[in-house]
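In what follows, a structure is listed as structure tokens, so that the remarks can point back to it.
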Amino acid sequence: MSDLINKQIILKSRPVGEPKESDFALVETPAPETGEGEILSRTIYLSLDPYMRGRISARESYAASVELGSVIVGGTVSQVIKSNHPQFQVGDFILSNNGWQTYAVSKGETLRKLDPTQAPLSYSLGVLGMPGLTAYAALLDIGQPKEGETVVVSAASGAVGAVAGQIAKIKGARVVGIVGSDDKRDYIVKELGFDVGINRKTQELDLALKEATPNGIDIYYDNTAGVILEAVLQQINLGARIPLVGLISEYNATSTPSGPNLMPLLIKRALIKGFLVSDYQHRFNDFLRDVSGWLQSGQLKYREDVVDGLENAPHAFIGLLRGDNFGKLIVKVNDDPTTAE
């Protein structure tokens, strides 16, 4: 039996409405042993993302729910500490799906080696990982921005929205971001280069959108749905496109929310298309090439919100669903040996 202790956060009860910290439990077990062809890795960083709310619900979705008593799912950056696999050596850094725990065993099929000299390890969970690919593929493949068009992005300071808005600017669009605080509004305009920022909590959304989009809206990059989508639909142009990427406003709902008036979609012959990043893995190499280049040239900026300690993941996740985070939310589970302390 291993002498390493594996800390795990499991699903204790299914949340009703907004999750509570009592819905999660921290348990300790011996770290798993490796078999033939397997590796044991130690988690360094854990990604917290809104999609996880659906995975801890019993509602039918595009992926199976986490079972009660099981470890919460999540993307991770890890380091190999024991290997019986010919393609992975002790010390290798990997993009993995260890979930909310400190150690995990894998047969290696879904792992990707990371080069810490090319970018900080944590970036592979954000701007150079699933959130970045979501921003890139949904905007470019569904939104298809053209120079001079108007793009509106909800949750615009978050891991996905901030990247989507900056890519729209790189493509020559005029970009309006919707956020939940004055600090975030200042950030997307002054730091990221958005043309206009709207604080949905302090500004009258309908009026602010009309003032910010005098020529209408060509693309709405939708991370939230709900009342923001309802307001945007009143401003869409002929042939508008709406990548539907997230439903943050509905994740904690206990009943089906009333929907917006979809008549403008008909009148304006607009496209609204649901997006799952798993359908766009064929775009990964293009995404990595382009976004890495934009980062290196300074055209694209990136911000992380790092929480220390696996035990703090539930509290941070609950805050994520409220919009408390500022940037890509990541839990630092163990020390990162590539960074100087």
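Chains: A, B, ... in order of the structure tokens. Residues: from 1 per chain. Ligands: from 1, in order shown.
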**Message:** With DSSP run on the backbone, what are the strand (DSSP E or B) residues within stretch 111-164 of chain A? I'd like them as a PyMOL selection string.
**Reply:** chain A and resi 112-114+150-154
Taking N, CA and C atoms for each residue, export the selection above as a PDB file, in the first residue's frame.
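That gives us selection_34.pdb:
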```
ATOM      1  N   ARG A 112      -1.649  14.647 -22.239  1.00  0.00           N
ATOM      2  CA  ARG A 112      -0.821  15.401 -23.181  1.00  0.00           C
ATOM      3  C   ARG A 112       0.362  15.969 -22.432  1.00  0.00           C
ATOM      4  N   LYS A 113       1.566  15.709 -22.937  1.00  0.00           N
ATOM      5  CA  LYS A 113       2.765  16.244 -22.309  1.00  0.00           C
ATOM      6  C   LYS A 113       2.820  17.760 -22.492  1.00  0.00           C
ATOM      7  N   LEU A 114       3.353  18.440 -21.471  1.00  0.00           N
ATOM      8  CA  LEU A 114       3.481  19.885 -21.502  1.00  0.00           C
ATOM      9  C   LEU A 114       4.949  20.283 -21.441  1.00  0.00           C
ATOM     10  N   THR A 150     -19.895  44.551 -35.089  1.00  0.00           N
ATOM     11  CA  THR A 150     -20.014  44.741 -33.649  1.00  0.00           C
ATOM     12  C   THR A 150     -20.218  43.401 -32.963  1.00  0.00           C
ATOM     13  N   VAL A 151     -19.365  43.121 -31.992  1.00  0.00           N
ATOM     14  CA  VAL A 151     -19.427  41.876 -31.222  1.00  0.00           C
ATOM     15  C   VAL A 151     -19.711  42.232 -29.765  1.00  0.00           C
ATOM     16  N   VAL A 152     -20.682  41.551 -29.173  1.00  0.00           N
ATOM     17  CA  VAL A 152     -20.972  41.693 -27.751  1.00  0.00           C
ATOM     18  C   VAL A 152     -20.615  40.391 -27.055  1.00  0.00           C
ATOM     19  N   VAL A 153     -19.932  40.489 -25.915  1.00  0.00           N
ATOM     20  CA  VAL A 153     -19.496  39.315 -25.158  1.00  0.00           C
ATOM     21  C   VAL A 153     -20.020  39.424 -23.733  1.00  0.00           C
ATOM     22  N   SER A 154     -20.728  38.408 -23.251  1.00  0.00           N
ATOM     23  CA  SER A 154     -21.133  38.378 -21.843  1.00  0.00           C
ATOM     24  C   SER A 154     -20.079  37.657 -21.018  1.00  0.00           C
TER      25      SER A 154
END
```
Per residue of stretch 267-306 of chain A within 12 Å of stretch 42-62 of chain A, which atom pair is closest and at what distance in Å (one decimal), using only C-alpha atoms, listed by chain and increasing number, as a Markdown table?
```
| residue | atom | partner | partner_atom | distance |
| --- | --- | --- | --- | --- |
| A:Gly274 | CA | A:Tyr62 | CA | 11.7 |
| A:Phe275 | CA | A:Tyr62 | CA | 11.1 |
| A:Leu276 | CA | A:Tyr62 | CA | 8.8 |
| A:Val277 | CA | A:Tyr51 | CA | 11.3 |
| A:Ser278 | CA | A:Tyr62 | CA | 10.3 |
| A:Asp279 | CA | A:Tyr62 | CA | 11.6 |
| A:Glu304 | CA | A:Ser47 | CA | 10.7 |
| A:Asp305 | CA | A:Leu48 | CA | 10.3 |
| A:Val306 | CA | A:Tyr45 | CA | 9.2 |
```
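Among A:Ser181, A:Thr117, A:Asn261, A:Gln299, the residue with the shortest atom-to-atom distance to A:Gln203, counting only C-alpha atoms, is A:Ser181.
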Secondary structure check, alpha helix (DSSP H) residues of stretch 82-232 of chain A, as a short mmCIF file (atom, residue, chain, number, x, y, z; two decimals) with N, CA and C atoms, in the first residue's frame:
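The result, written out as result_27.cif:
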```
data_model
loop_
_atom_site.label_atom_id
_atom_site.label_comp_id
_atom_site.auth_asym_id
_atom_site.auth_seq_id
_atom_site.Cartn_x
_atom_site.Cartn_y
_atom_site.Cartn_z
N MET A 130 -8.72 24.29 -22.69
CA MET A 130 -10.14 24.19 -23.04
C MET A 130 -10.85 25.54 -23.10
N PRO A 131 -10.69 26.44 -22.10
CA PRO A 131 -11.37 27.73 -22.21
C PRO A 131 -10.90 28.54 -23.42
N GLY A 132 -9.59 28.51 -23.68
CA GLY A 132 -9.07 29.25 -24.84
C GLY A 132 -9.59 28.70 -26.14
N LEU A 133 -9.61 27.38 -26.27
CA LEU A 133 -10.15 26.76 -27.48
C LEU A 133 -11.63 27.08 -27.65
N THR A 134 -12.36 27.11 -26.53
CA THR A 134 -13.77 27.49 -26.58
C THR A 134 -13.94 28.89 -27.15
N ALA A 135 -13.14 29.83 -26.63
CA ALA A 135 -13.21 31.21 -27.12
C ALA A 135 -12.87 31.29 -28.60
N TYR A 136 -11.81 30.63 -28.99
CA TYR A 136 -11.29 30.68 -30.36
C TYR A 136 -12.27 30.05 -31.36
N ALA A 137 -12.65 28.80 -31.11
CA ALA A 137 -13.45 28.07 -32.09
C ALA A 137 -14.88 28.59 -32.17
N GLY A 161 -14.66 34.59 -22.00
CA GLY A 161 -15.08 35.85 -22.58
C GLY A 161 -13.94 36.82 -22.86
N ALA A 162 -12.97 36.88 -21.96
CA ALA A 162 -11.85 37.81 -22.15
C ALA A 162 -11.05 37.46 -23.39
N VAL A 163 -10.86 36.16 -23.63
CA VAL A 163 -10.11 35.73 -24.81
C VAL A 163 -10.94 35.94 -26.07
N ALA A 164 -12.22 35.61 -26.03
CA ALA A 164 -13.09 35.79 -27.20
C ALA A 164 -13.13 37.25 -27.62
N GLY A 165 -13.27 38.15 -26.65
CA GLY A 165 -13.32 39.56 -26.98
C GLY A 165 -12.04 40.07 -27.60
N GLN A 166 -10.91 39.62 -27.08
CA GLN A 166 -9.62 40.06 -27.63
C GLN A 166 -9.40 39.52 -29.03
N ILE A 167 -9.82 38.28 -29.28
CA ILE A 167 -9.70 37.74 -30.63
C ILE A 167 -10.58 38.51 -31.60
N ALA A 168 -11.78 38.90 -31.15
CA ALA A 168 -12.65 39.71 -32.00
C ALA A 168 -11.98 41.03 -32.35
N LYS A 169 -11.27 41.65 -31.38
CA LYS A 169 -10.53 42.88 -31.66
C LYS A 169 -9.41 42.63 -32.67
N ILE A 170 -8.70 41.52 -32.51
CA ILE A 170 -7.62 41.18 -33.44
C ILE A 170 -8.17 41.05 -34.86
N ASP A 182 -17.44 47.34 -11.60
CA ASP A 182 -16.71 48.44 -12.22
C ASP A 182 -15.25 48.08 -12.45
N ASP A 183 -14.65 47.32 -11.52
CA ASP A 183 -13.26 46.90 -11.70
C ASP A 183 -13.10 46.05 -12.95
N LYS A 184 -14.05 45.15 -13.16
CA LYS A 184 -13.98 44.30 -14.34
C LYS A 184 -14.24 45.11 -15.61
N ARG A 185 -15.13 46.08 -15.53
CA ARG A 185 -15.40 46.94 -16.69
C ARG A 185 -14.14 47.72 -17.05
N ASP A 186 -13.47 48.28 -16.05
CA ASP A 186 -12.23 49.01 -16.32
C ASP A 186 -11.17 48.09 -16.92
N LEU A 205 -29.45 47.68 -18.46
CA LEU A 205 -28.84 46.89 -19.53
C LEU A 205 -29.38 47.26 -20.90
N ASP A 206 -30.70 47.37 -21.05
CA ASP A 206 -31.27 47.69 -22.37
C ASP A 206 -30.74 49.01 -22.89
N LEU A 207 -30.76 50.03 -22.04
CA LEU A 207 -30.30 51.36 -22.44
C LEU A 207 -28.81 51.36 -22.74
N ALA A 208 -28.03 50.71 -21.86
CA ALA A 208 -26.59 50.69 -22.05
C ALA A 208 -26.21 49.98 -23.36
N LEU A 209 -26.91 48.90 -23.67
CA LEU A 209 -26.63 48.18 -24.92
C LEU A 209 -26.96 49.04 -26.13
N LYS A 210 -28.08 49.73 -26.10
CA LYS A 210 -28.45 50.59 -27.23
C LYS A 210 -27.41 51.68 -27.45
N GLU A 211 -26.93 52.27 -26.35
CA GLU A 211 -25.92 53.32 -26.47
C GLU A 211 -24.59 52.76 -26.96
N ALA A 212 -24.26 51.54 -26.54
CA ALA A 212 -22.97 50.94 -26.89
C ALA A 212 -22.94 50.35 -28.29
N GLY A 226 -30.20 33.93 -20.44
CA GLY A 226 -31.00 34.71 -19.50
C GLY A 226 -31.30 36.12 -19.98
N VAL A 227 -31.33 37.06 -19.03
CA VAL A 227 -31.77 38.43 -19.32
C VAL A 227 -30.82 39.15 -20.27
N ILE A 228 -29.54 38.77 -20.27
CA ILE A 228 -28.61 39.43 -21.19
C ILE A 228 -28.95 39.04 -22.62
N LEU A 229 -29.20 37.77 -22.86
CA LEU A 229 -29.61 37.34 -24.20
C LEU A 229 -30.90 38.06 -24.61
N GLU A 230 -31.82 38.19 -23.68
CA GLU A 230 -33.09 38.85 -23.98
C GLU A 230 -32.85 40.29 -24.43
N ALA A 231 -31.95 40.99 -23.75
CA ALA A 231 -31.65 42.37 -24.12
C ALA A 231 -30.92 42.44 -25.46
N VAL A 232 -29.99 41.53 -25.68
CA VAL A 232 -29.21 41.53 -26.92
C VAL A 232 -30.11 41.31 -28.13
#
```
**Prompt:** Using only C-alpha atoms, which residue out of A:Gln296, A:Gln234, A:Thr29, A:Thr338 lies closest to A:Ile267?
**Reply:** A:Gln234
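What separates atom CA of A:Arg174 from atom CA of A:Gly216 is a distance of 11.0 Å.
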**Message:** Considering only C-alpha atoms, can you say which of A:Gly126, A:Gly91, A:Pro314, A:Pro214 comes closest to A:Ser22?
**Reply:** A:Pro314
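Using only C-alpha atoms, the nearest neighbour of A:Gly293 within the list A:Glu149, A:Asn84, A:Tyr103, A:Gln118 is A:Gln118.
Here the question is which of A:Pro337, A:Gly180, A:Gly129, A:Pro15 gets nearest to A:Leu68 using only C-alpha atoms, and that residue is A:Pro15.
You will find atom CA of A:Leu244 at 7.8 Å from atom CA of A:Ala225.
Atom pair atom CA of A:Ala313 / atom CA of A:Gly108 has a distance of 25.6 Å (rounded to one decimal).
Of the listed residues A:Leu125, A:Val291, A:Val175, A:Leu40, the one whose atoms come nearest to A:Thr213 is A:Val175, with distances taken using only C-alpha atoms.
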Compile the contact shell of stretch 87-89 of chain A as an mmCIF file with C-alpha atoms, in the first residue's frame: residues with an atom at most 8 Å away, counting only C-alpha atoms, same-chain residues fewer than 5 positions apart removed.
```cif
data_model
loop_
_atom_site.group_PDB
_atom_site.id
_atom_site.type_symbol
_atom_site.label_atom_id
_atom_site.label_comp_id
_atom_site.auth_asym_id
_atom_site.auth_seq_id
_atom_site.Cartn_x
_atom_site.Cartn_y
_atom_site.Cartn_z
ATOM 1 C CA ILE A 39 1.411 6.173 -14.361
ATOM 2 C CA VAL A 80 4.432 12.098 -13.233
ATOM 3 C CA LYS A 82 5.837 6.939 -10.982
#
```
